[in-house]
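Structure below is query35.pdb: PDB, C-alpha atoms.
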```pdb
ATOM      1  CA  MET E   1      -7.341 -20.001  68.900
ATOM      2  CA  GLN E   2      -4.409 -22.418  68.838
ATOM      3  CA  ASP E   3      -2.101 -22.934  71.805
ATOM      4  CA  THR E   4       0.933 -25.146  71.308
ATOM      5  CA  LYS E   5       1.116 -26.079  74.990
ATOM      6  CA  LYS E   6      -0.302 -29.398  76.127
ATOM      7  CA  HIS E   7      -3.178 -29.785  78.543
ATOM      8  CA  LEU E   8      -5.348 -32.589  79.827
ATOM      9  CA  HIS E   9      -9.060 -33.059  79.261
ATOM     10  CA  MET E  10     -11.784 -35.672  79.254
ATOM     11  CA  LEU E  11     -12.698 -37.294  75.946
ATOM     12  CA  GLY E  12     -15.185 -40.129  75.837
ATOM     13  CA  GLY E  13     -14.806 -40.739  79.572
ATOM     14  CA  LYS E  14     -11.013 -41.040  79.307
ATOM     15  CA  VAL E  15      -8.431 -38.439  80.277
ATOM     16  CA  VAL E  16      -6.272 -37.492  77.301
ATOM     17  CA  GLN E  17      -3.445 -35.038  76.749
ATOM     18  CA  ASP E  18      -3.974 -32.735  73.798
ATOM     19  CA  VAL E  19      -3.160 -29.324  72.366
ATOM     20  CA  GLY E  20      -4.883 -27.000  74.773
ATOM     21  CA  GLY E  21      -6.162 -23.631  75.678
ATOM     22  CA  GLY E  22      -9.587 -23.004  74.245
ATOM     23  CA  ILE E  23     -12.482 -21.786  76.329
ATOM     24  CA  CYS E  24     -10.880 -22.712  79.678
ATOM     25  CA  GLN E  25      -7.882 -20.529  78.882
ATOM     26  CA  ILE E  26     -10.358 -17.692  78.342
ATOM     27  CA  SER E  27     -12.311 -18.408  81.547
ATOM     28  CA  SER E  28      -9.097 -18.732  83.607
ATOM     29  CA  THR E  29      -7.725 -15.457  82.245
ATOM     30  CA  LEU E  30     -11.050 -13.745  82.937
ATOM     31  CA  TYR E  31     -11.000 -15.212  86.474
ATOM     32  CA  ASN E  32      -7.579 -13.655  87.121
ATOM     33  CA  ALA E  33      -8.667 -10.297  85.680
ATOM     34  CA  VAL E  34     -11.790 -10.339  87.891
ATOM     35  CA  LEU E  35      -9.705 -11.146  90.975
ATOM     36  CA  LEU E  36      -7.210  -8.384  90.235
ATOM     37  CA  ALA E  37     -10.080  -5.930  89.677
ATOM     38  CA  ASN E  38     -11.327  -6.912  93.146
ATOM     39  CA  LEU E  39     -14.730  -8.056  91.892
ATOM     40  CA  GLU E  40     -16.787 -10.733  93.644
ATOM     41  CA  VAL E  41     -16.520 -14.312  92.381
ATOM     42  CA  VAL E  42     -19.938 -15.972  92.544
ATOM     43  CA  GLU E  43     -19.146 -19.375  91.015
ATOM     44  CA  ARG E  44     -15.806 -20.952  90.068
ATOM     45  CA  SER E  45     -14.471 -24.502  89.808
ATOM     46  CA  ASN E  46     -10.912 -25.673  89.343
ATOM     47  CA  HIS E  47      -9.838 -28.191  86.707
ATOM     48  CA  HIS E  48      -9.444 -31.886  87.502
ATOM     49  CA  PHE E  49      -5.742 -31.642  86.556
ATOM     50  CA  LEU E  50      -3.304 -28.721  86.601
ATOM     51  CA  THR E  51      -3.301 -26.625  83.432
ATOM     52  CA  SER E  52      -0.291 -25.473  81.455
ATOM     53  CA  TYR E  53      -1.402 -21.838  81.213
ATOM     54  CA  VAL E  54      -2.009 -20.786  84.860
ATOM     55  CA  SER E  55      -0.743 -21.893  88.254
ATOM     56  CA  ALA E  56      -2.657 -23.995  90.757
ATOM     57  CA  GLY E  57      -5.565 -22.101  92.272
ATOM     58  CA  LEU E  58      -5.742 -19.544  89.464
ATOM     59  CA  ASP E  59      -7.739 -21.569  86.930
ATOM     60  CA  ALA E  60     -11.472 -21.561  86.237
ATOM     61  CA  THR E  61     -12.928 -24.433  84.287
ATOM     62  CA  VAL E  62     -16.173 -24.298  82.343
ATOM     63  CA  SER E  63     -18.213 -26.994  80.650
ATOM     64  CA  TRP E  64     -21.309 -26.187  78.631
ATOM     65  CA  GLY E  65     -24.450 -26.710  80.697
ATOM     66  CA  THR E  66     -22.719 -28.057  83.822
ATOM     67  CA  ILE E  67     -19.817 -25.963  85.152
ATOM     68  CA  ASP E  68     -19.710 -22.182  84.875
ATOM     69  CA  PHE E  69     -17.640 -19.230  85.971
ATOM     70  CA  LYS E  70     -19.695 -16.320  87.317
ATOM     71  CA  PHE E  71     -18.754 -13.036  88.921
ATOM     72  CA  LYS E  72     -20.518  -9.903  90.126
ATOM     73  CA  ASN E  73     -19.606  -6.266  89.703
ATOM     74  CA  THR E  74     -19.446  -5.041  93.298
ATOM     75  CA  ARG E  75     -18.126  -1.604  92.392
ATOM     76  CA  LYS E  76     -20.286   1.563  92.424
ATOM     77  CA  TYR E  77     -20.131   1.986  88.643
ATOM     78  CA  PRO E  78     -20.271  -0.287  85.593
ATOM     79  CA  VAL E  79     -17.071  -1.945  84.385
ATOM     80  CA  LYS E  80     -15.882  -2.593  80.847
ATOM     81  CA  ILE E  81     -14.251  -5.910  79.972
ATOM     82  CA  GLN E  82     -11.932  -6.002  76.981
ATOM     83  CA  ALA E  83     -10.670  -9.358  75.688
ATOM     84  CA  ILE E  84      -8.099  -9.832  72.940
ATOM     85  CA  VAL E  85      -6.881 -13.171  71.611
ATOM     86  CA  LYS E  86      -3.895 -13.133  69.279
ATOM     87  CA  ASN E  87      -1.393 -15.852  68.383
ATOM     88  CA  GLY E  88      -2.633 -18.112  71.197
ATOM     89  CA  VAL E  89      -2.265 -15.383  73.840
ATOM     90  CA  VAL E  90      -5.292 -14.187  75.807
ATOM     91  CA  ASP E  91      -5.318 -10.653  77.233
ATOM     92  CA  ILE E  92      -8.311  -9.573  79.305
ATOM     93  CA  SER E  93      -8.611  -6.171  80.973
ATOM     94  CA  VAL E  94     -11.260  -4.818  83.343
ATOM     95  CA  TYR E  95     -11.785  -1.045  83.236
ATOM     96  CA  GLY E  96     -13.785   1.088  85.635
ATOM     97  CA  ILE E  97     -14.062   4.448  87.338
ATOM     98  CA  LYS E  98     -11.804   4.941  90.356
ATOM     99  CA  GLU E  99     -13.574   4.750  93.687
ATOM    100  CA  ASP E 100     -12.839   6.697  96.862
ATOM    101  CA  VAL E 101     -10.691   3.853  98.202
ATOM    102  CA  GLU E 102      -8.684   1.654  95.827
ATOM    103  CA  TYR E 103      -6.509  -1.304  96.727
ATOM    104  CA  GLU E 104      -3.559  -3.054  95.187
ATOM    105  CA  VAL E 105      -4.604  -6.682  94.767
ATOM    106  CA  VAL E 106      -2.039  -9.442  95.264
ATOM    107  CA  LEU E 107      -2.871 -13.085  94.553
ATOM    108  CA  GLN E 108      -0.939 -15.683  96.519
ATOM    109  CA  THR E 109      -1.105 -19.447  96.120
ATOM    110  CA  LYS E 110       0.340 -21.858  98.661
ATOM    111  CA  ILE E 111       0.962 -25.480  97.669
ATOM    112  CA  LEU E 112      -0.106 -27.565 100.671
ATOM    113  CA  GLU E 113       0.618 -30.967  99.187
ATOM    114  CA  THR E 114       2.135 -32.545  96.094
ATOM    115  CA  ILE E 115       0.604 -35.850  95.040
ATOM    116  CA  PRO E 116       3.192 -37.780  93.006
ATOM    117  CA  ARG E 117       2.232 -39.281  89.671
ATOM    118  CA  GLU E 118       2.648 -42.999  89.221
ATOM    119  CA  THR E 119       4.311 -44.761  86.311
ATOM    120  CA  ILE E 120       2.173 -47.249  84.396
ATOM    121  CA  TYR E 121       3.633 -49.669  81.851
ATOM    122  CA  GLU E 122       1.621 -50.811  78.825
ATOM    123  CA  ASN E 123       2.558 -53.697  76.568
ATOM    124  CA  ASN E 124       3.417 -52.897  72.936
ATOM    125  CA  ASN E 125       4.482 -55.973  70.948
ATOM    126  CA  GLU E 126       5.619 -53.800  68.035
ATOM    127  CA  LEU E 127       8.615 -52.568  70.060
ATOM    128  CA  GLU E 128      11.991 -54.282  70.362
ATOM    129  CA  LYS E 129      12.750 -56.005  73.667
ATOM    130  CA  GLY E 130      14.087 -53.371  76.089
ATOM    131  CA  GLN E 131      12.781 -50.433  74.009
ATOM    132  CA  GLU E 132      10.451 -48.011  75.792
ATOM    133  CA  ILE E 133       8.322 -45.135  74.528
ATOM    134  CA  VAL E 134       6.913 -42.510  76.873
ATOM    135  CA  LYS E 135       3.288 -42.191  75.777
ATOM    136  CA  THR E 136       2.338 -39.581  78.418
ATOM    137  CA  GLU E 137       4.666 -37.726  80.811
ATOM    138  CA  GLY E 138       1.909 -37.374  83.366
ATOM    139  CA  ILE E 139       1.760 -34.654  85.988
ATOM    140  CA  ASP E 140       1.918 -34.509  89.769
ATOM    141  CA  GLY E 141      -1.263 -33.570  91.575
ATOM    142  CA  LYS E 142      -1.444 -30.634  93.976
ATOM    143  CA  VAL E 143      -3.521 -29.345  96.843
ATOM    144  CA  SER E 144      -3.428 -25.560  97.037
ATOM    145  CA  GLU E 145      -4.885 -22.577  98.839
ATOM    146  CA  THR E 146      -5.239 -19.262  97.050
ATOM    147  CA  TYR E 147      -5.556 -15.924  98.840
ATOM    148  CA  ARG E 148      -6.489 -12.419  97.724
ATOM    149  CA  ILE E 149      -4.515  -9.793  99.621
ATOM    150  CA  LEU E 150      -5.652  -6.164  99.547
ATOM    151  CA  LYS E 151      -2.938  -3.580 100.160
ATOM    152  CA  GLN E 152      -2.605   0.180 100.381
ATOM    153  CA  GLY E 153       1.053   0.990  99.871
ATOM    154  CA  ASP E 154       3.020  -1.408 102.080
ATOM    155  CA  ILE E 155       0.111  -1.991 104.476
ATOM    156  CA  ILE E 156      -1.953  -5.170 104.172
ATOM    157  CA  ILE E 157      -5.612  -4.233 104.651
ATOM    158  CA  SER E 158      -7.060  -7.726 104.349
ATOM    159  CA  GLN E 159      -6.245 -11.266 103.334
ATOM    160  CA  SER E 160      -9.040 -13.638 102.329
ATOM    161  CA  LEU E 161      -9.048 -17.277 101.302
ATOM    162  CA  LEU E 162     -10.430 -17.547  97.761
ATOM    163  CA  SER E 163     -10.244 -21.302  97.340
ATOM    164  CA  LYS E 164      -8.746 -24.577  98.415
ATOM    165  CA  ASP E 165      -8.266 -26.716  95.322
ATOM    166  CA  SER E 166      -7.270 -30.310  94.653
ATOM    167  CA  TYR E 167      -5.731 -31.437  91.376
ATOM    168  CA  GLU E 168      -5.419 -35.143  90.690
ATOM    169  CA  PRO E 169      -2.129 -36.618  89.466
ATOM    170  CA  MET E 170      -2.047 -38.048  85.965
ATOM    171  CA  ASP E 171      -0.040 -41.219  85.548
ATOM    172  CA  LYS E 172       3.093 -41.349  83.416
ATOM    173  CA  VAL E 173       2.463 -44.016  80.752
ATOM    174  CA  ILE E 174       5.353 -45.942  79.188
ATOM    175  CA  GLU E 175       4.943 -48.488  76.415
ATOM    176  CA  ARG E 176       7.336 -51.434  76.288
ATOM    177  CA  LYS E 177       7.500 -54.994  75.024
ATOM    178  CA  GLU E 178       6.838 -57.246  77.987
ATOM    179  CA  HIS E 179       8.011 -60.594  76.558
TER
END
```
What does this structure look like when you write it as structure tokens?
Amino acid sequence: MQDTKKHLHMLGGKVVQDVGGGICQISSTLYNAVLLANLEVVERSNHHFLTSYVSAGLDATVSWGTIDFKFKNTRKYPVKIQAIVKNGVVDISVYGIKEDVEYEVVLQTKILETIPRETIYENNNELEKGQEIVKTEGIDGKVSETYRILKQGDIIISQSLLSKDSYEPMDKVIERKEH
């Protein structure tokens, strides 16, 4: 799967910006489908930085052997999960038999804090004096709370805190000739 959007990841102990999506786009989309199907989330971790494909609080990172996304079917009957990936777009659906009481699920994320990115300057002697090249735009960090709201018609039945997540800022990096 190829996604033309940029995202941030760790490579060799260093954070780099690269063409993104991949397995975390799948796990984040599955996370949202599970939430909307009102299934129980057993294990979920947010990314270190915000992603380009879902909002704060709605991502689920995975890393082979260390970080996983797990959920449990808490409905009376089995569910069917259908996943389709086409042209960089992930579509995941959860199907099941209607129960006696069904709810409309609304996901709501509140940004509690924005952590501004800093600008870092790196020397590049190959540039002309006064010339600058933006190497990385960077991204502001965020602290968020995400809630799952269960409704029947216009009546809110319950509201539960799913997660409080922190996303680190990534510095903006500009190359310039210092002398």
Worksheet item: In Å, with one decimal, what is the gap from atom CA of E:Thr51 to atom CA of E:Asn124?
Response: 29.1 Å
Discussion item. Let me make sure I understand: among E:Glu132, E:Glu102, E:Glu113, E:Glu40, which one has the smallest atom-to-atom distance to E:Gln152 if we use all atoms listed in the file?
Written reply: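 Selected residue with least distance to E:Gln152: E:Glu102.
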Worksheet entry | Of the listed residues E:Ala83, E:Leu112, E:Ile139, E:Leu39, that which approaches E:Met170 most closely, counting only C-alpha atoms |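 The closest residue to E:Met170 is E:Ile139.
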Item to complete: To one decimal in Å, tell me the separation between atom CA of E:Gln82 and atom CA of E:Lys164.
Response: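 Between these atoms lies a distance of 28.5 Å.
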Discussion item. I'd like the interatomic distance between atom CA of E:Asn123 and atom CA of E:Leu50, to a tenth of an Å.
Written reply: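 Between atom CA of E:Asn123 and atom CA of E:Leu50 the gap is 27.5 Å.
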Worksheet item: Which of these residues is nearest to E:Arg44, using all atoms listed in the file: E:Gly153, E:Lys70, E:Leu30, E:Lys80?
Response: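 Answer, going by the shortest atom-to-atom distance: E:Lys70.
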Fill in: Radius query 9 Å about (-4.9, -21.3, 90.0), atoms used: only C-alpha atoms, as a VMD selection string
chain E and resid 28 32 46 50 to 51 54 to 60 109 144 to 146 165
Selection result of the PyMOL selection byres ((chain E and resi 116) around 10) on this file, as a compact mmCIF listing (two decimals) with C-alpha atoms, in the coordinates of the input:
```txt
# COMPACT_ATOMS: atom_id res chain seq x y z
CA GLU E 113 0.62 -30.97 99.19
CA THR E 114 2.13 -32.54 96.09
CA ILE E 115 0.60 -35.85 95.04
CA ARG E 117 2.23 -39.28 89.67
CA GLU E 118 2.65 -43.00 89.22
CA THR E 119 4.31 -44.76 86.31
CA GLY E 138 1.91 -37.37 83.37
CA ILE E 139 1.76 -34.65 85.99
CA ASP E 140 1.92 -34.51 89.77
CA GLY E 141 -1.26 -33.57 91.58
CA LYS E 142 -1.44 -30.63 93.98
CA GLU E 168 -5.42 -35.14 90.69
CA PRO E 169 -2.13 -36.62 89.47
CA MET E 170 -2.05 -38.05 85.96
CA ASP E 171 -0.04 -41.22 85.55
```
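Using all atoms listed in the file, the smallest distance between any of E:Tyr77, E:Glu104, E:Lys177, E:Gly130 and E:Ile155 comes from E:Glu104.
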Item to complete: Would you mind telling me which residue in E:Gln108, E:Ser45, E:Thr29, E:Gln131 lies nearest to E:Tyr167 when using only C-alpha atoms?
Response: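 Ranking E:Gln108, E:Ser45, E:Thr29, E:Gln131 by distance to E:Tyr167, first place goes to E:Ser45.
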Worksheet item: Do you know which residues the PyMOL selection byres ((chain E and resi 95) around 12) returns on this file, as number ranges by chain?
Response: E: 33-34, 36-39, 73, 75, 77-83, 92-94, 96-98
Keeping only C-alpha atoms, write those residues as an mmCIF file, keeping the file's coordinate frame.
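Output saved as part-v2.cif:
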```cif
data_model
loop_
_atom_site.group_PDB
_atom_site.id
_atom_site.type_symbol
_atom_site.label_atom_id
_atom_site.label_comp_id
_atom_site.auth_asym_id
_atom_site.auth_seq_id
_atom_site.Cartn_x
_atom_site.Cartn_y
_atom_site.Cartn_z
ATOM 1 C CA ALA E 33 -8.667 -10.297 85.680
ATOM 2 C CA VAL E 34 -11.790 -10.339 87.891
ATOM 3 C CA LEU E 36 -7.210 -8.384 90.235
ATOM 4 C CA ALA E 37 -10.080 -5.930 89.677
ATOM 5 C CA ASN E 38 -11.327 -6.912 93.146
ATOM 6 C CA LEU E 39 -14.730 -8.056 91.892
ATOM 7 C CA ASN E 73 -19.606 -6.266 89.703
ATOM 8 C CA ARG E 75 -18.126 -1.604 92.392
ATOM 9 C CA TYR E 77 -20.131 1.986 88.643
ATOM 10 C CA PRO E 78 -20.271 -0.287 85.593
ATOM 11 C CA VAL E 79 -17.071 -1.945 84.385
ATOM 12 C CA LYS E 80 -15.882 -2.593 80.847
ATOM 13 C CA ILE E 81 -14.251 -5.910 79.972
ATOM 14 C CA GLN E 82 -11.932 -6.002 76.981
ATOM 15 C CA ALA E 83 -10.670 -9.358 75.688
ATOM 16 C CA ILE E 92 -8.311 -9.573 79.305
ATOM 17 C CA SER E 93 -8.611 -6.171 80.973
ATOM 18 C CA VAL E 94 -11.260 -4.818 83.343
ATOM 19 C CA GLY E 96 -13.785 1.088 85.635
ATOM 20 C CA ILE E 97 -14.062 4.448 87.338
ATOM 21 C CA LYS E 98 -11.804 4.941 90.356
#
```
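Using only C-alpha atoms for every distance, the candidate list E:Val90, E:Ile149, E:Ile23, E:Leu127 yields E:Ile23 as the residue closest to E:Thr61.
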Taking the file as shown, find all residues satisfying the PyMOL selection byres ((chain E and resi 160) around 9) and write them as a compact mmCIF listing (two decimals) with C-alpha atoms, keeping the file's coordinate frame.
```txt
# COMPACT_ATOMS: atom_id res chain seq x y z
CA THR E 146 -5.24 -19.26 97.05
CA TYR E 147 -5.56 -15.92 98.84
CA ARG E 148 -6.49 -12.42 97.72
CA ILE E 149 -4.51 -9.79 99.62
CA LEU E 150 -5.65 -6.16 99.55
CA SER E 158 -7.06 -7.73 104.35
CA GLN E 159 -6.24 -11.27 103.33
CA LEU E 161 -9.05 -17.28 101.30
CA LEU E 162 -10.43 -17.55 97.76
```
